[in-house]
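Below: one structure, written as structure tokens.
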Amino acid sequence: MGDSATNPDSMGRVVNLLQELLPGTFVHSIQVGKNRDEDHEAGFFGEVNKQIDLVCEQLAAIPELAEGFNAVGFSQGGLFLRAYVERCNRPAVHRLITFGSPHGGVSDIPNCMNPGDLTCRLMRSMVRYGAYSNYVQHRVVQAQYFRDPKNIQGYLEHNIFLPDINNERKDGKNHTYSHNLATLDAFVMVKFADDVMVKPGETAWFWTYSEDGALVPLVNQTLYTEDWLGLRKLGGRLKFLVSPGQHMQISDEYFENQIVRPYLASSIISNDGSISISGSGTTTPPQLVYQQQK
């Protein structure tokens, strides 16, 4: 939220770190806008459903990804990558890793990481107009994963994105969503220990607030017990990790030792040079895609 794919201080730095730790790896950073400024703006304004469609087209056109890839998403970027897996997944994601992503929605619109970001401040002002209004839902990204625990009916009826990808619609479940997620070799969800940017911080693990303000763990939700998304079927392939610190404060040491080596580099060793766990043992360079927090 508020970042861009080409920012050398954040996402550009992630690319360099991955290429340093995984030599020969093809890394693609997803960009929704035509340039850095438009990409920044797309993190706040637009229809997420249309952005997901664009990403599906973008990834399908990259020949280096044809045999599949591992995906890393930061903040809301991880939520959008999950939507890619559920709706498209061509080419297929093998391992999905998300950092601080609002999988269970947010009970309050996220604060601005940069208080001086006028685009973010405008977004928050628009949401005050009414998060579930038709106008805001089709224009403000953060409103499209806002889940008001005191107005679940309004959320289910008017939110145009999150109830769909969480398979909460009362008019039937999309079995493609649960099938696609269940085919992942690993789904790694990282929560930040001191996250105050997204509420609750445990949304990174699909936790939500009940109407009375109590946290509801994933395993106690109907979404899990009835396996609306295939998460229960994943079993031990569903990982819950904790990163020290605040939202998006990821140390190089943590990223290397807890993410890259166990979940990315290990697949290279076991698959004859392909980072894809279920790859065919080809000799092409490893593939990796990540999406910024935007």
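Residues in the structure tokens are named by chain (A, B, ... in the order shown) and by number from 1 within that chain; ligands are numbered from 1 in the order shown.
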Quiz item: If we count only C-alpha atoms, what is near Glu226 in chain A at a cut-off of 12 Å, once residues fewer than 6 positions away on the same chain are taken out, given as a PyMOL selection string?
Solution: chain A and resi 167-168+173+178+218-220+232-233
Keeping only all heavy atoms, write the selected residues as a PDB file, in the first residue's frame.
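Result file again-v9.pdb:
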ATOM      1  N   ASN A 167     -14.870 -17.079  -0.513  1.00  0.00           N
ATOM      2  CA  ASN A 167     -15.958 -18.034  -0.739  1.00  0.00           C
ATOM      3  C   ASN A 167     -17.060 -17.934   0.312  1.00  0.00           C
ATOM      4  O   ASN A 167     -17.614 -18.947   0.761  1.00  0.00           O
ATOM      5  CB  ASN A 167     -15.414 -19.471  -0.804  1.00  0.00           C
ATOM      6  CG  ASN A 167     -15.631 -20.093  -2.169  1.00  0.00           C
ATOM      7  OD1 ASN A 167     -16.394 -19.583  -2.983  1.00  0.00           O
ATOM      8  ND2 ASN A 167     -14.971 -21.211  -2.424  1.00  0.00           N
ATOM      9  N   GLU A 168     -17.406 -16.695   0.681  1.00  0.00           N
ATOM     10  CA  GLU A 168     -18.424 -16.459   1.700  1.00  0.00           C
ATOM     11  C   GLU A 168     -19.802 -16.176   1.116  1.00  0.00           C
ATOM     12  O   GLU A 168     -20.758 -15.984   1.869  1.00  0.00           O
ATOM     13  CB  GLU A 168     -18.005 -15.282   2.588  1.00  0.00           C
ATOM     14  CG  GLU A 168     -16.725 -15.515   3.370  1.00  0.00           C
ATOM     15  CD  GLU A 168     -16.315 -14.272   4.149  1.00  0.00           C
ATOM     16  OE1 GLU A 168     -15.773 -13.335   3.531  1.00  0.00           O
ATOM     17  OE2 GLU A 168     -16.550 -14.242   5.369  1.00  0.00           O
ATOM     18  N   LYS A 173     -20.772 -21.775  -3.531  1.00  0.00           N
ATOM     19  CA  LYS A 173     -19.319 -21.726  -3.403  1.00  0.00           C
ATOM     20  C   LYS A 173     -18.670 -21.972  -4.761  1.00  0.00           C
ATOM     21  O   LYS A 173     -19.158 -22.758  -5.576  1.00  0.00           O
ATOM     22  CB  LYS A 173     -18.827 -22.773  -2.403  1.00  0.00           C
ATOM     23  CG  LYS A 173     -19.504 -22.712  -1.039  1.00  0.00           C
ATOM     24  CD  LYS A 173     -19.389 -21.334  -0.396  1.00  0.00           C
ATOM     25  CE  LYS A 173     -20.128 -21.264   0.932  1.00  0.00           C
ATOM     26  NZ  LYS A 173     -20.210 -19.875   1.452  1.00  0.00           N
ATOM     27  N   SER A 178     -11.297 -23.364  -4.137  1.00  0.00           N
ATOM     28  CA  SER A 178     -10.785 -24.334  -3.168  1.00  0.00           C
ATOM     29  C   SER A 178      -9.870 -25.358  -3.838  1.00  0.00           C
ATOM     30  O   SER A 178      -8.867 -25.775  -3.267  1.00  0.00           O
ATOM     31  CB  SER A 178     -11.942 -25.041  -2.458  1.00  0.00           C
ATOM     32  OG  SER A 178     -12.810 -25.671  -3.386  1.00  0.00           O
ATOM     33  N   LEU A 218      -8.620 -19.116  12.719  1.00  0.00           N
ATOM     34  CA  LEU A 218      -9.042 -19.760  11.475  1.00  0.00           C
ATOM     35  C   LEU A 218      -9.717 -21.090  11.727  1.00  0.00           C
ATOM     36  O   LEU A 218     -10.759 -21.389  11.148  1.00  0.00           O
ATOM     37  CB  LEU A 218      -7.827 -19.953  10.556  1.00  0.00           C
ATOM     38  CG  LEU A 218      -8.052 -20.791   9.296  1.00  0.00           C
ATOM     39  CD1 LEU A 218      -9.073 -20.134   8.377  1.00  0.00           C
ATOM     40  CD2 LEU A 218      -6.737 -21.027   8.568  1.00  0.00           C
ATOM     41  N   VAL A 219      -9.144 -21.921  12.597  1.00  0.00           N
ATOM     42  CA  VAL A 219      -9.654 -23.284  12.795  1.00  0.00           C
ATOM     43  C   VAL A 219     -11.048 -23.296  13.404  1.00  0.00           C
ATOM     44  O   VAL A 219     -11.734 -24.325  13.364  1.00  0.00           O
ATOM     45  CB  VAL A 219      -8.690 -24.130  13.656  1.00  0.00           C
ATOM     46  CG1 VAL A 219      -7.371 -24.346  12.924  1.00  0.00           C
ATOM     47  CG2 VAL A 219      -8.453 -23.478  15.017  1.00  0.00           C
ATOM     48  N   ASN A 220     -11.486 -22.167  13.973  1.00  0.00           N
ATOM     49  CA  ASN A 220     -12.823 -22.096  14.565  1.00  0.00           C
ATOM     50  C   ASN A 220     -13.850 -21.473  13.633  1.00  0.00           C
ATOM     51  O   ASN A 220     -15.001 -21.278  14.019  1.00  0.00           O
ATOM     52  CB  ASN A 220     -12.781 -21.285  15.868  1.00  0.00           C
ATOM     53  CG  ASN A 220     -11.986 -21.983  16.958  1.00  0.00           C
ATOM     54  OD1 ASN A 220     -11.753 -23.187  16.898  1.00  0.00           O
ATOM     55  ND2 ASN A 220     -11.542 -21.224  17.944  1.00  0.00           N
ATOM     56  N   ARG A 232      -8.084 -26.474   4.750  1.00  0.00           N
ATOM     57  CA  ARG A 232      -8.025 -27.674   5.591  1.00  0.00           C
ATOM     58  C   ARG A 232      -7.391 -28.827   4.834  1.00  0.00           C
ATOM     59  O   ARG A 232      -6.615 -29.615   5.396  1.00  0.00           O
ATOM     60  CB  ARG A 232      -9.443 -28.047   6.049  1.00  0.00           C
ATOM     61  CG  ARG A 232      -9.485 -29.162   7.063  1.00  0.00           C
ATOM     62  CD  ARG A 232     -10.884 -29.308   7.659  1.00  0.00           C
ATOM     63  NE  ARG A 232     -10.921 -30.319   8.686  1.00  0.00           N
ATOM     64  CZ  ARG A 232     -11.978 -30.563   9.447  1.00  0.00           C
ATOM     65  NH1 ARG A 232     -13.093 -29.844   9.282  1.00  0.00           N
ATOM     66  NH2 ARG A 232     -11.937 -31.508  10.362  1.00  0.00           N
ATOM     67  N   LYS A 233      -7.676 -28.900   3.559  1.00  0.00           N
ATOM     68  CA  LYS A 233      -7.096 -29.967   2.732  1.00  0.00           C
ATOM     69  C   LYS A 233      -5.580 -29.815   2.613  1.00  0.00           C
ATOM     70  O   LYS A 233      -4.854 -30.798   2.455  1.00  0.00           O
ATOM     71  CB  LYS A 233      -7.736 -29.960   1.346  1.00  0.00           C
ATOM     72  CG  LYS A 233      -7.358 -31.161   0.484  1.00  0.00           C
ATOM     73  CD  LYS A 233      -8.139 -31.179  -0.816  1.00  0.00           C
ATOM     74  CE  LYS A 233      -7.804 -32.402  -1.651  1.00  0.00           C
ATOM     75  NZ  LYS A 233      -8.597 -32.438  -2.919  1.00  0.00           N
TER      76      LYS A 233
END
Exercise. Tell me which protein, DNA and RNA residues are within 9 Å of Ser210 in chain A, counting only C-alpha atoms, leaving out same-chain ones fewer than 4 positions away, and put them as a ChimeraX atom specification.
Key: /A:149-150,214-216
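Computed from the coordinates, the CA of Leu162 in chain A to CA of Leu229 in chain A distance equals 12.5 Å.
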Quiz item: So which residues touch Val48 in chain A within 12 Å, counting only C-alpha atoms, skipping near sequence neighbours fewer than 2 positions away, as an MDAnalysis selection string?
Solution: chainID A and resid 32 42:46 50:55 76:77 79:81 83:84 137:145 159:162 164:165 294
Practice problem: Give the alpha helix (DSSP H) residues of range 61-209 of chain A, as DSSP finds them on the backbone, and put them as a ChimeraX atom specification. | Solution: /A:76-87,118-127,134-137,152-158,162-165,175-182
Written selection (C-alpha atoms) as a PDB file, in the first residue's frame:
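Okay, this is what ended up in selection-v8.pdb:
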ATOM      1  CA  GLN A  76      -2.229  -6.440   0.421  1.00  0.00           C
ATOM      2  CA  GLY A  77      -0.088  -7.763  -2.456  1.00  0.00           C
ATOM      3  CA  GLY A  78      -0.215 -11.195  -0.794  1.00  0.00           C
ATOM      4  CA  LEU A  79      -4.008 -11.085  -0.694  1.00  0.00           C
ATOM      5  CA  PHE A  80      -4.105 -10.239  -4.382  1.00  0.00           C
ATOM      6  CA  LEU A  81      -1.697 -13.069  -5.226  1.00  0.00           C
ATOM      7  CA  ARG A  82      -4.027 -15.483  -3.421  1.00  0.00           C
ATOM      8  CA  ALA A  83      -6.828 -14.174  -5.617  1.00  0.00           C
ATOM      9  CA  TYR A  84      -4.632 -14.901  -8.640  1.00  0.00           C
ATOM     10  CA  VAL A  85      -4.200 -18.504  -7.505  1.00  0.00           C
ATOM     11  CA  GLU A  86      -7.913 -18.968  -6.938  1.00  0.00           C
ATOM     12  CA  ARG A  87      -9.147 -17.333 -10.127  1.00  0.00           C
ATOM     13  CA  LEU A 118      -1.438  12.665   0.045  1.00  0.00           C
ATOM     14  CA  THR A 119      -2.801   9.777  -2.040  1.00  0.00           C
ATOM     15  CA  CYS A 120      -3.203   7.659   1.082  1.00  0.00           C
ATOM     16  CA  ARG A 121      -4.826  10.515   2.978  1.00  0.00           C
ATOM     17  CA  LEU A 122      -7.289  11.015   0.124  1.00  0.00           C
ATOM     18  CA  MET A 123      -8.107   7.299   0.230  1.00  0.00           C
ATOM     19  CA  ARG A 124      -8.917   7.455   3.941  1.00  0.00           C
ATOM     20  CA  SER A 125     -11.085  10.550   3.403  1.00  0.00           C
ATOM     21  CA  MET A 126     -13.084   8.799   0.686  1.00  0.00           C
ATOM     22  CA  VAL A 127     -13.700   5.748   2.859  1.00  0.00           C
ATOM     23  CA  ASN A 134     -21.201   1.624  -4.448  1.00  0.00           C
ATOM     24  CA  TYR A 135     -19.076   4.690  -5.184  1.00  0.00           C
ATOM     25  CA  VAL A 136     -16.306   3.783  -2.725  1.00  0.00           C
ATOM     26  CA  GLN A 137     -16.374   0.049  -3.409  1.00  0.00           C
ATOM     27  CA  ILE A 152     -21.431  -8.562   8.360  1.00  0.00           C
ATOM     28  CA  GLN A 153     -24.657  -8.344   6.372  1.00  0.00           C
ATOM     29  CA  GLY A 154     -23.478  -5.149   4.703  1.00  0.00           C
ATOM     30  CA  TYR A 155     -20.080  -6.707   4.084  1.00  0.00           C
ATOM     31  CA  LEU A 156     -21.529  -9.783   2.400  1.00  0.00           C
ATOM     32  CA  GLU A 157     -24.013  -7.825   0.305  1.00  0.00           C
ATOM     33  CA  HIS A 158     -21.901  -4.871  -0.794  1.00  0.00           C
ATOM     34  CA  LEU A 162     -13.176 -10.162  -0.290  1.00  0.00           C
ATOM     35  CA  PRO A 163     -16.429 -12.118   0.267  1.00  0.00           C
ATOM     36  CA  ASP A 164     -15.937 -13.625  -3.179  1.00  0.00           C
ATOM     37  CA  ILE A 165     -12.332 -14.762  -2.848  1.00  0.00           C
ATOM     38  CA  HIS A 175     -15.122 -24.902  -6.152  1.00  0.00           C
ATOM     39  CA  THR A 176     -12.361 -23.724  -8.476  1.00  0.00           C
ATOM     40  CA  TYR A 177     -11.107 -21.495  -5.666  1.00  0.00           C
ATOM     41  CA  SER A 178     -10.785 -24.334  -3.168  1.00  0.00           C
ATOM     42  CA  HIS A 179      -9.338 -26.681  -5.775  1.00  0.00           C
ATOM     43  CA  ASN A 180      -6.634 -24.240  -6.849  1.00  0.00           C
ATOM     44  CA  LEU A 181      -5.512 -23.372  -3.325  1.00  0.00           C
ATOM     45  CA  ALA A 182      -5.444 -27.029  -2.341  1.00  0.00           C
TER      46      ALA A 182
END
Quiz item: If we count only C-alpha atoms, what is near Pro110 in chain A at a cut-off of 8 Å, once residues fewer than 5 positions away on the same chain are taken out, given as a ChimeraX atom specification?
Solution: /A:142,197-199
Could you save the residues just selected, with C-alpha atoms, as an mmCIF file, in the first residue's frame?
data_model
loop_
_atom_site.group_PDB
_atom_site.id
_atom_site.type_symbol
_atom_site.label_atom_id
_atom_site.label_comp_id
_atom_site.auth_asym_id
_atom_site.auth_seq_id
_atom_site.Cartn_x
_atom_site.Cartn_y
_atom_site.Cartn_z
ATOM 1 C CA GLN A 142 -8.743 -0.842 0.863
ATOM 2 C CA MET A 197 -1.041 -1.250 10.538
ATOM 3 C CA VAL A 198 -3.723 -3.833 9.781
ATOM 4 C CA LYS A 199 -6.392 -4.725 12.332
#
Could you build a table of the residues in range 108-186 of chain A lying no more than 9 Å from range 237-241 of chain A, giving for each the nearest pair of atoms and their separation in Å rounded to one decimal place, using only C-alpha atoms, ordered by chain and ascending residue number, as a tab-separated table?
residue	atom	partner	partner_atom	distance
A:Leu184	CA	A:Arg237	CA	7.8
A:Asp185	CA	A:Arg237	CA	6.4
A:Ala186	CA	A:Arg237	CA	4.6
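Our summary of the geometry notes that CA of Gly230 in chain A is positioned 16.8 Å from CA of Ala204 in chain A.
Proximity of A:His40, A:Tyr263, A:Ala61, A:Met248 to Arg95 in chain A, computed with only C-alpha atoms, is greatest for A:Tyr263.
Interatomic distance, CA of Gly12 in chain A against CA of Met113 in chain A: 18.0 Å.
Minimum atom-to-atom distance to Leu17 in chain A, evaluated using only C-alpha atoms, belongs to A:Asp252 out of A:Phe99, A:Asp252, A:Ala265, A:Ser243.
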Quiz item: So which residues touch Val93 in chain A within 8 Å, counting only C-alpha atoms, skipping near sequence neighbours fewer than 3 positions away, as a list in words?
Solution: Gly68, Phe69, Asn70, Ala71, Val85, Asn89, Leu96 and Leu184 of chain A
Quiz item: Mind checking DSSP for range 161-237 of chain A and telling me the strand (DSSP E) residues as a ChimeraX atom specification?
Solution: /A:186-192,208-209,215-216
